[in-house]
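Just structure_31.cif here, mmCIF, C-alpha atoms:
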data_model
#
loop_
_atom_site.label_atom_id
_atom_site.label_comp_id
_atom_site.auth_asym_id
_atom_site.auth_seq_id
_atom_site.Cartn_x
_atom_site.Cartn_y
_atom_site.Cartn_z
CA MET A 1 5.36 3.58 -17.22
CA GLU A 2 7.64 5.55 -14.92
CA VAL A 3 6.68 4.93 -11.30
CA TYR A 4 6.07 8.54 -10.28
CA ASP A 5 4.03 9.19 -13.42
CA CYS A 6 2.05 6.03 -12.69
CA ILE A 7 1.27 7.16 -9.15
CA ARG A 8 0.43 10.66 -10.37
CA SER A 9 -1.87 9.57 -13.19
CA ARG A 10 -3.62 6.61 -11.49
CA ARG A 11 -7.35 6.91 -11.06
CA THR A 12 -9.94 4.64 -9.52
CA VAL A 13 -11.74 2.62 -12.20
CA ARG A 14 -15.24 1.17 -11.83
CA ASN A 15 -16.14 0.52 -15.47
CA PHE A 16 -14.25 -2.05 -17.45
CA LYS A 17 -14.09 -3.18 -21.03
CA PRO A 18 -15.29 -6.78 -21.37
CA ASP A 19 -11.98 -7.83 -22.95
CA PRO A 20 -10.25 -10.64 -21.06
CA VAL A 21 -7.04 -9.83 -19.21
CA PRO A 22 -4.14 -11.75 -20.77
CA ASP A 23 -2.27 -14.15 -18.50
CA ARG A 24 0.93 -12.14 -19.04
CA VAL A 25 -0.71 -9.11 -17.43
CA LEU A 26 -2.47 -11.13 -14.73
CA ASN A 27 0.83 -12.70 -13.75
CA ARG A 28 2.50 -9.30 -13.47
CA ILE A 29 -0.30 -8.16 -11.15
CA LEU A 30 0.06 -11.29 -9.00
CA ARG A 31 3.84 -10.91 -8.83
CA ALA A 32 3.50 -7.26 -7.86
CA GLY A 33 1.41 -8.40 -4.89
CA ARG A 34 3.79 -11.22 -4.06
CA TRP A 35 6.72 -8.81 -3.96
CA ALA A 36 5.12 -6.46 -1.45
CA PRO A 37 6.88 -6.14 1.90
CA SER A 38 5.08 -7.51 4.96
CA SER A 39 5.40 -7.20 8.73
CA SER A 40 8.23 -9.48 9.88
CA ASN A 41 8.33 -10.77 6.30
CA VAL A 42 5.74 -13.45 6.90
CA GLN A 43 3.92 -12.86 3.59
CA PRO A 44 0.57 -13.68 5.19
CA TRP A 45 -1.48 -13.51 2.01
CA HIS A 46 -3.47 -15.57 -0.46
CA PHE A 47 -4.70 -14.35 -3.84
CA ILE A 48 -7.69 -16.06 -5.42
CA VAL A 49 -7.92 -15.46 -9.16
CA ILE A 50 -11.51 -15.51 -10.38
CA LYS A 51 -12.37 -15.46 -14.09
CA ASN A 52 -15.63 -17.41 -14.14
CA PRO A 53 -18.29 -14.84 -15.18
CA ALA A 54 -21.01 -16.57 -13.13
CA THR A 55 -18.89 -16.41 -9.96
CA ILE A 56 -17.96 -12.78 -10.63
CA GLN A 57 -21.60 -11.87 -11.18
CA THR A 58 -22.61 -13.57 -7.93
CA MET A 59 -19.90 -11.70 -6.06
CA GLY A 60 -21.13 -8.40 -7.52
CA GLY A 61 -24.58 -9.19 -6.14
CA ILE A 62 -23.18 -9.78 -2.66
CA ALA A 63 -20.89 -6.73 -2.67
CA THR A 64 -23.62 -4.13 -2.38
CA GLN A 65 -21.09 -1.31 -1.99
CA GLY A 66 -19.27 -2.34 -5.14
CA THR A 67 -21.77 -3.91 -7.54
CA PHE A 68 -19.50 -2.88 -10.46
CA LEU A 69 -17.39 -5.88 -9.38
CA GLY A 70 -19.97 -8.06 -11.12
CA GLN A 71 -19.12 -6.57 -14.53
CA ALA A 72 -15.35 -7.11 -14.42
CA PRO A 73 -13.64 -9.74 -16.58
CA LEU A 74 -11.26 -10.61 -13.73
CA ALA A 75 -11.29 -10.43 -9.94
CA ILE A 76 -8.66 -11.16 -7.32
CA ALA A 77 -9.67 -11.86 -3.73
CA ILE A 78 -7.11 -10.75 -1.13
CA VAL A 79 -7.13 -13.06 1.89
CA MET A 80 -4.89 -12.80 4.96
CA GLU A 81 -3.84 -15.74 7.14
CA ASP A 82 -2.39 -15.34 10.64
CA ALA A 83 -1.29 -11.78 9.93
CA ALA A 84 -0.05 -9.48 12.68
CA ARG A 85 -1.09 -6.45 10.62
CA PRO A 86 -3.56 -7.75 8.02
CA GLN A 87 -4.92 -4.39 6.90
CA LEU A 88 -1.54 -2.70 6.64
CA ASP A 89 0.10 -5.53 4.74
CA ALA A 90 -2.94 -5.87 2.48
CA GLY A 91 -2.79 -2.14 1.73
CA ARG A 92 0.77 -2.56 0.49
CA VAL A 93 -0.16 -5.56 -1.68
CA ILE A 94 -3.19 -3.82 -3.14
CA GLN A 95 -1.26 -0.70 -4.00
CA GLN A 96 1.46 -2.60 -5.84
CA MET A 97 -1.16 -4.58 -7.77
CA GLU A 98 -3.10 -1.43 -8.62
CA LEU A 99 -0.06 0.45 -9.91
CA VAL A 100 1.08 -2.38 -12.18
CA ALA A 101 -2.48 -2.82 -13.45
CA TRP A 102 -2.69 0.89 -14.21
CA SER A 103 0.61 0.82 -16.10
CA GLU A 104 -0.82 -1.97 -18.29
CA GLY A 105 -3.95 -0.01 -19.23
CA LEU A 106 -6.19 -1.61 -16.61
CA GLY A 107 -7.82 -0.29 -13.49
CA THR A 108 -9.40 -1.38 -10.24
CA CYS A 109 -11.36 -0.09 -7.27
CA PHE A 110 -11.24 -1.26 -3.67
CA VAL A 111 -14.49 -3.01 -2.75
CA GLY A 112 -15.46 -2.84 0.93
CA LEU A 113 -16.86 -6.09 2.35
CA ARG A 114 -17.24 -5.43 6.02
CA ALA A 115 -20.77 -6.63 6.64
CA GLU A 116 -20.75 -9.99 8.39
CA GLU A 117 -23.21 -11.53 5.94
CA GLN A 118 -21.04 -10.48 2.98
CA GLN A 119 -18.00 -12.09 4.57
CA VAL A 120 -19.88 -15.32 5.24
CA ALA A 121 -21.43 -15.52 1.77
CA LEU A 122 -18.19 -14.75 -0.08
CA LYS A 123 -16.09 -17.09 2.02
CA GLU A 124 -18.52 -19.88 1.31
CA LEU A 125 -18.63 -19.09 -2.41
CA LEU A 126 -14.83 -19.03 -2.68
CA GLY A 127 -14.08 -21.80 -0.17
CA ILE A 128 -12.07 -19.50 2.10
CA PRO A 129 -11.44 -20.96 5.58
CA SER A 130 -13.56 -19.05 8.08
CA GLU A 131 -10.59 -18.14 10.30
CA MET A 132 -8.91 -16.22 7.49
CA GLU A 133 -9.59 -12.56 6.78
CA LEU A 134 -11.08 -11.58 3.44
CA ILE A 135 -9.89 -8.00 2.92
CA THR A 136 -11.41 -7.22 -0.45
CA ILE A 137 -12.12 -8.57 -3.89
CA LEU A 138 -10.47 -6.36 -6.48
CA PRO A 139 -12.09 -6.19 -9.92
CA PHE A 140 -9.65 -5.73 -12.81
CA GLY A 141 -10.24 -4.87 -16.41
CA TYR A 142 -9.11 -2.63 -19.21
CA ARG A 143 -10.17 0.97 -18.93
CA GLU A 144 -12.75 2.17 -21.42
CA GLU A 145 -11.59 4.24 -24.41
CA GLY A 146 -11.07 7.85 -23.46
CA PHE A 147 -11.27 7.15 -19.73
CA ALA A 148 -9.66 10.01 -17.90
CA GLY A 149 -11.14 9.50 -14.46
CA ARG A 150 -12.53 12.46 -12.66
CA GLY A 151 -9.77 12.22 -10.06
CA VAL A 152 -10.61 13.22 -6.53
CA ALA A 153 -9.30 16.62 -5.50
CA ARG A 154 -6.58 16.22 -2.93
CA LYS A 155 -6.22 18.20 0.26
CA SER A 156 -3.53 20.83 -0.12
CA MET A 157 -0.04 19.91 1.00
CA ALA A 158 -0.31 22.66 3.63
CA GLU A 159 -3.26 20.80 5.20
CA ILE A 160 -1.53 17.45 5.52
CA ALA A 161 2.21 18.12 5.71
CA HIS A 162 3.87 19.35 8.90
CA SER A 163 7.44 20.32 9.64
CA GLU A 164 9.23 18.81 12.63
CA LYS A 165 6.10 18.96 14.80
CA PHE A 166 2.40 18.46 14.19
CA GLY A 167 0.79 21.83 13.47
CA GLN A 168 3.93 23.55 12.18
CA SER A 169 3.32 24.16 8.51
CA TYR A 170 5.59 22.50 6.03
CA THR A 171 6.68 24.79 3.25
CA THR A 172 8.86 23.71 0.37
CA ALA A 173 12.20 25.46 -0.02
CA MET B 1 12.27 3.83 -13.19
CA GLU B 2 9.58 1.66 -14.75
CA VAL B 3 6.92 0.78 -12.17
CA TYR B 4 7.13 -3.01 -12.48
CA ASP B 5 10.93 -2.92 -12.35
CA CYS B 6 10.70 -0.67 -9.31
CA ILE B 7 8.39 -3.11 -7.52
CA ARG B 8 10.56 -6.06 -8.56
CA SER B 9 13.88 -4.53 -7.49
CA ARG B 10 12.77 -2.78 -4.28
CA ARG B 11 14.42 -3.96 -1.09
CA THR B 12 13.99 -2.94 2.53
CA VAL B 13 16.74 -0.53 3.56
CA ARG B 14 17.97 -0.02 7.12
CA ASN B 15 21.33 1.66 6.51
CA PHE B 16 21.48 5.08 4.99
CA LYS B 17 24.15 7.40 3.70
CA PRO B 18 24.30 10.56 5.80
CA ASP B 19 23.70 12.76 2.73
CA PRO B 20 20.65 15.00 3.08
CA VAL B 21 17.61 14.25 0.94
CA PRO B 22 17.02 17.15 -1.48
CA ASP B 23 13.69 18.94 -1.22
CA ARG B 24 12.89 17.95 -4.81
CA VAL B 25 13.02 14.28 -3.80
CA LEU B 26 11.27 14.82 -0.47
CA ASN B 27 8.44 16.59 -2.24
CA ARG B 28 8.02 13.71 -4.68
CA ILE B 29 7.77 11.29 -1.75
CA LEU B 30 5.16 13.48 -0.04
CA ARG B 31 3.15 13.83 -3.24
CA ALA B 32 3.25 10.07 -3.79
CA GLY B 33 1.64 9.68 -0.36
CA ARG B 34 -0.85 12.45 -1.01
CA TRP B 35 -1.97 10.80 -4.24
CA ALA B 36 -2.75 7.45 -2.65
CA PRO B 37 -6.39 6.34 -2.75
CA SER B 38 -8.28 6.18 0.55
CA SER B 39 -11.50 4.64 1.82
CA SER B 40 -14.40 6.90 0.76
CA ASN B 41 -11.74 9.35 -0.45
CA VAL B 42 -11.43 11.09 2.90
CA GLN B 43 -7.61 11.32 2.78
CA PRO B 44 -7.40 10.83 6.54
CA TRP B 45 -3.63 11.38 6.82
CA HIS B 46 -0.97 13.72 8.10
CA PHE B 47 2.71 13.52 7.23
CA ILE B 48 5.25 15.04 9.63
CA VAL B 49 8.60 15.73 7.98
CA ILE B 50 11.46 15.48 10.46
CA LYS B 51 14.99 16.56 9.55
CA ASN B 52 16.34 17.71 12.92
CA PRO B 53 19.09 15.17 13.78
CA ALA B 54 18.45 15.51 17.52
CA THR B 55 14.76 14.68 17.09
CA ILE B 56 15.56 11.77 14.78
CA GLN B 57 18.10 10.39 17.25
CA THR B 58 15.58 10.64 20.09
CA MET B 59 13.00 8.80 17.98
CA GLY B 60 15.51 6.04 17.24
CA GLY B 61 15.99 5.59 20.98
CA ILE B 62 12.26 5.21 21.53
CA ALA B 63 11.70 2.87 18.55
CA THR B 64 13.40 -0.16 20.05
CA GLN B 65 12.32 -2.37 17.14
CA GLY B 66 13.79 0.05 14.61
CA THR B 67 16.77 1.81 16.18
CA PHE B 68 18.20 2.35 12.68
CA LEU B 69 15.63 5.13 12.44
CA GLY B 70 17.96 7.23 14.58
CA GLN B 71 20.66 7.24 11.87
CA ALA B 72 18.49 8.43 8.98
CA PRO B 73 18.87 11.93 7.53
CA LEU B 74 15.10 12.22 7.10
CA ALA B 75 12.01 10.73 8.70
CA ILE B 76 8.31 11.02 7.92
CA ALA B 77 5.71 10.20 10.55
CA ILE B 78 2.44 8.79 9.18
CA VAL B 79 -0.52 9.87 11.29
CA MET B 80 -4.17 9.01 10.68
CA GLU B 81 -7.12 11.15 11.77
CA ASP B 82 -10.70 9.85 11.95
CA ALA B 83 -9.97 7.08 9.48
CA ALA B 84 -12.43 4.26 8.84
CA ARG B 85 -9.56 2.00 7.77
CA PRO B 86 -6.39 3.60 9.15
CA GLN B 87 -4.07 0.64 8.61
CA LEU B 88 -5.25 -0.15 5.11
CA ASP B 89 -5.11 3.44 3.91
CA ALA B 90 -1.72 3.92 5.56
CA GLY B 91 -0.41 0.81 3.83
CA ARG B 92 -1.32 2.32 0.48
CA VAL B 93 0.35 5.64 1.33
CA ILE B 94 3.49 3.94 2.62
CA GLN B 95 3.84 1.77 -0.45
CA GLN B 96 3.56 4.71 -2.84
CA MET B 97 6.13 6.66 -0.81
CA GLU B 98 8.49 3.68 -0.66
CA LEU B 99 8.35 3.03 -4.41
CA VAL B 100 9.08 6.63 -5.35
CA ALA B 101 11.89 6.78 -2.79
CA TRP B 102 13.39 3.58 -4.24
CA SER B 103 13.23 4.99 -7.78
CA GLU B 104 15.22 8.00 -6.57
CA GLY B 105 18.03 5.91 -5.05
CA LEU B 106 16.69 6.01 -1.49
CA GLY B 107 15.21 3.39 0.75
CA THR B 108 13.10 2.94 3.85
CA CYS B 109 11.90 0.32 6.31
CA PHE B 110 8.63 0.16 8.19
CA VAL B 111 9.19 0.80 11.91
CA GLY B 112 6.68 -0.85 14.24
CA LEU B 113 5.56 1.35 17.15
CA ARG B 114 2.84 -0.61 18.84
CA ALA B 115 3.92 -0.44 22.47
CA GLU B 116 1.76 2.03 24.39
CA GLU B 117 4.79 3.78 25.89
CA GLN B 118 6.31 4.29 22.44
CA GLN B 119 3.10 5.83 21.17
CA VAL B 120 2.86 8.18 24.15
CA ALA B 121 6.51 9.26 24.00
CA LEU B 122 6.52 9.85 20.24
CA LYS B 123 3.20 11.68 20.20
CA GLU B 124 4.49 14.00 22.90
CA LEU B 125 7.79 14.55 21.09
CA LEU B 126 6.07 15.35 17.79
CA GLY B 127 3.05 17.16 19.21
CA ILE B 128 0.58 14.67 17.74
CA PRO B 129 -2.94 14.93 19.23
CA SER B 130 -3.53 11.88 21.40
CA GLU B 131 -6.74 10.87 19.59
CA MET B 132 -4.88 10.44 16.30
CA GLU B 133 -3.21 7.21 15.29
CA LEU B 134 0.55 7.17 14.74
CA ILE B 135 1.08 4.31 12.28
CA THR B 136 4.85 4.45 11.81
CA ILE B 137 7.79 6.76 11.37
CA LEU B 138 9.52 5.96 8.10
CA PRO B 139 13.24 6.67 7.90
CA PHE B 140 14.49 7.77 4.47
CA GLY B 141 17.98 8.12 3.10
CA TYR B 142 20.16 7.26 0.14
CA ARG B 143 21.22 3.65 -0.09
CA GLU B 144 24.87 2.91 0.55
CA GLU B 145 27.15 2.29 -2.44
CA GLY B 146 26.83 -1.25 -3.71
CA PHE B 147 23.69 -1.95 -1.67
CA ALA B 148 21.90 -4.90 -3.20
CA GLY B 149 19.71 -5.93 -0.29
CA ARG B 150 19.52 -9.54 0.58
CA GLY B 151 15.89 -9.67 -0.50
CA VAL B 152 13.59 -11.96 1.38
CA ALA B 153 12.75 -15.16 -0.43
CA ARG B 154 9.13 -15.15 -1.45
CA LYS B 155 6.68 -17.98 -1.07
CA SER B 156 6.13 -19.74 -4.39
CA MET B 157 3.21 -18.59 -6.46
CA ALA B 158 1.71 -22.07 -6.04
CA GLU B 159 1.56 -21.52 -2.28
CA ILE B 160 -0.27 -18.22 -2.41
CA ALA B 161 -2.24 -18.13 -5.67
CA HIS B 162 -5.49 -20.03 -6.09
CA SER B 163 -7.77 -20.46 -9.07
CA GLU B 164 -11.49 -19.76 -8.75
CA LYS B 165 -11.64 -21.30 -5.24
CA PHE B 166 -9.31 -21.35 -2.27
CA GLY B 167 -7.19 -24.49 -2.43
CA GLN B 168 -7.39 -24.99 -6.19
CA SER B 169 -3.92 -24.41 -7.48
CA TYR B 170 -3.37 -21.56 -9.86
CA THR B 171 -1.19 -22.46 -12.80
CA THR B 172 -0.19 -20.06 -15.49
CA ALA B 173 -1.26 -20.86 -19.02
#
Could the structure of this file be written out as structure tokens, please?
Amino acid sequence: MEVYDCIRSRRTVRNFKPDPVPDRVLNRILRAGRWAPSSSNVQPWHFIVIKNPATIQTMGGIATQGTFLGQAPLAIAIVMEDAARPQLDAGRVIQQMELVAWSEGLGTCFVGLRAEEQQVALKELLGIPSEMELITILPFGYREEGFAGRGVARKSMAEIAHSEKFGQSYTTA
Amino acid sequence: MEVYDCIRSRRTVRNFKPDPVPDRVLNRILRAGRWAPSSSNVQPWHFIVIKNPATIQTMGGIATQGTFLGQAPLAIAIVMEDAARPQLDAGRVIQQMELVAWSEGLGTCFVGLRAEEQQVALKELLGIPSEMELITILPFGYREEGFAGRGVARKSMAEIAHSEKFGQSYTTA
């Protein structure tokens, strides 16, 4: 899939087909994360691949803001170690993973895990050292037949784009 | 350019041809940012398009960790307003912009602007309200002829990928 078309067509996916994700596709997703740029090129990330349905179901029970995680055939936990900009670098990893997944017919949705008890429970379940930062656990799976995604309306370009200075409207030539 | 190939071939670019970036390309970069997902879909971003060479040169003087910014024909400031996860959402925007730019023959490099005096000076120069968060100013320009990019060696997959639990090595089937 052409990169611009991929970005333009991508939608957030919360319902997955039960079909397993082939290792070929999983490896492309992992490599897409591995090839993300990072602050000072320190690559401060770990990816935990989770396929065990019992573990995935348990995680879905803990992630109260993203219970759909529990239904996915595959999950990847994004963990940052000694990162100067953990959230920023993780955002770049996640986006590269999401785009490649989308181009392969899959989808994902960011799952927020900010509550302290969620962090503690998930780190224990996955054996993540307590000093590391668990950013999210991304569910992955094939999109259901006919999935179009409602797509979230975007703010107009006039609302978000400025020319030369903040507040000066950007207009295309 | 195919999305996986784009992710695989992308390199950080710090030297740019002086050629102006056509509006068609600039608009694709802006749209790629606009179509990024965001926490709770609030789209908490502003993009300031800067083409004025005098402004760009001044910014390069302020950004002591990214003076190459001053030589770019185009810059886009990424500003977050009332964002729950400003760094994470910005990382997703930046990565979508960077990939589309790369597919069009351009390049960019993240410019760190964390020093308080840099933030103050740049916000004043660009008229950014002080309560907003200036994440970075991305320089954009065409890559020089023959640019290959040295590419930063990546950690091996065995170092960063784990299976089911942190510390259990992930091996591909």
* To do: Find the residues of chain B in contact range of chain A, meaning any atom within 7 Å when counting all atoms listed in the file, and list them as a PyMOL selection string.
  => chain B and resi 1-4+7-8+23+32+35+45-51+87-92+95+100+126-128+160-166+172-173
May I have the residues within 9 Å of Arg143 of chain B as a PDB file with C-alpha atoms, in the frame of the given file, using all atoms listed in the file and disregarding those fewer than 6 positions away in the same chain?
ATOM      1  CA  VAL B  13      16.740  -0.530   3.560  1.00  0.00           C
ATOM      2  CA  ARG B  14      17.970  -0.020   7.120  1.00  0.00           C
ATOM      3  CA  ASN B  15      21.330   1.660   6.510  1.00  0.00           C
ATOM      4  CA  PHE B  16      21.480   5.080   4.990  1.00  0.00           C
ATOM      5  CA  LYS B  17      24.150   7.400   3.700  1.00  0.00           C
ATOM      6  CA  TRP B 102      13.390   3.580  -4.240  1.00  0.00           C
ATOM      7  CA  GLY B 105      18.030   5.910  -5.050  1.00  0.00           C
ATOM      8  CA  LEU B 106      16.690   6.010  -1.490  1.00  0.00           C
ATOM      9  CA  GLY B 107      15.210   3.390   0.750  1.00  0.00           C
TER      10      GLY B 107
END
* To do: Take atom CA of Ala54 of chain A and atom CA of Pro18 of chain A and report the distance between them in Å, one decimal.
  =>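 Computing it gives 14.0 Å between the two atoms.
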* Provide the atom CA of Ala72 of chain A to atom CA of Val21 of chain A distance in Å, to one decimal place. =>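 For atom CA of Ala72 of chain A relative to atom CA of Val21 of chain A, the distance reads 10.0 Å.
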* For atom CA of Thr108 of chain B and atom CA of Pro139 of chain B, the interatomic separation in Å (one decimal) ->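 The value is 5.5 Å.
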* Selected residue of minimal separation from Leu134 of chain A among A:Leu69, A:Val25, A:Ala158, A:Val120, counting all atoms listed in the file ->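 Answer, going by the shortest atom-to-atom distance: A:Val120.
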* Carefully work through the PyMOL selection byres ((chain B and resi 114) around 12) for this structure and note down the residues it includes, as a PyMOL selection string. => (chain A and resi 84-85) or (chain B and resi 62-66+111-113+115-122+133-137)
* With only C-alpha atoms as the basis for distance, which of B:Thr58, B:Glu131, B:Thr171, B:Gly149 is at the shortest distance from Met80 of chain B? ->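 The closest residue to Met80 of chain B is B:Glu131.
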Writing C-alpha atoms and nothing else, produce segment 55-89 of chain B as a JSON list (two decimals), in the first residue's frame.
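Saved file out_39.json follows:
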[["chain", "number", "residue", "atom", "x", "y", "z"],
["B", 55, "THR", "CA", 12.78, 33.46, 10.27],
["B", 56, "ILE", "CA", 14.24, 30.03, 9.53],
["B", 57, "GLN", "CA", 17.78, 31.34, 9.93],
["B", 58, "THR", "CA", 16.88, 32.94, 13.27],
["B", 59, "MET", "CA", 15.35, 29.67, 14.46],
["B", 60, "GLY", "CA", 18.51, 27.79, 13.47],
["B", 61, "GLY", "CA", 20.50, 30.19, 15.65],
["B", 62, "ILE", "CA", 18.27, 29.51, 18.64],
["B", 63, "ALA", "CA", 18.16, 25.72, 18.15],
["B", 64, "THR", "CA", 21.73, 25.04, 19.20],
["B", 65, "GLN", "CA", 21.20, 21.27, 19.06],
["B", 66, "GLY", "CA", 19.87, 21.49, 15.50],
["B", 67, "THR", "CA", 21.53, 24.42, 13.75],
["B", 68, "PHE", "CA", 20.94, 22.66, 10.40],
["B", 69, "LEU", "CA", 17.36, 23.86, 10.81],
["B", 70, "GLY", "CA", 18.58, 27.28, 9.70],
["B", 71, "GLN", "CA", 19.49, 25.98, 6.23],
["B", 72, "ALA", "CA", 16.17, 24.33, 5.39],
["B", 73, "PRO", "CA", 13.82, 25.81, 2.78],
["B", 74, "LEU", "CA", 10.80, 24.90, 4.91],
["B", 75, "ALA", "CA", 10.07, 24.34, 8.58],
["B", 76, "ILE", "CA", 6.96, 23.21, 10.44],
["B", 77, "ALA", "CA", 6.57, 23.92, 14.15],
["B", 78, "ILE", "CA", 4.56, 21.30, 16.06],
["B", 79, "VAL", "CA", 2.59, 22.88, 18.89],
["B", 80, "MET", "CA", 0.26, 21.09, 21.31],
["B", 81, "GLU", "CA", -2.71, 22.69, 23.05],
["B", 82, "ASP", "CA", -4.42, 21.16, 26.09],
["B", 83, "ALA", "CA", -3.16, 17.70, 25.24],
["B", 84, "ALA", "CA", -3.49, 14.79, 27.66],
["B", 85, "ARG", "CA", -0.49, 13.10, 26.03],
["B", 86, "PRO", "CA", 1.33, 15.83, 24.11],
["B", 87, "GLN", "CA", 4.56, 13.92, 23.46],
["B", 88, "LEU", "CA", 2.89, 10.69, 22.42],
["B", 89, "ASP", "CA", 0.41, 12.36, 20.08]]
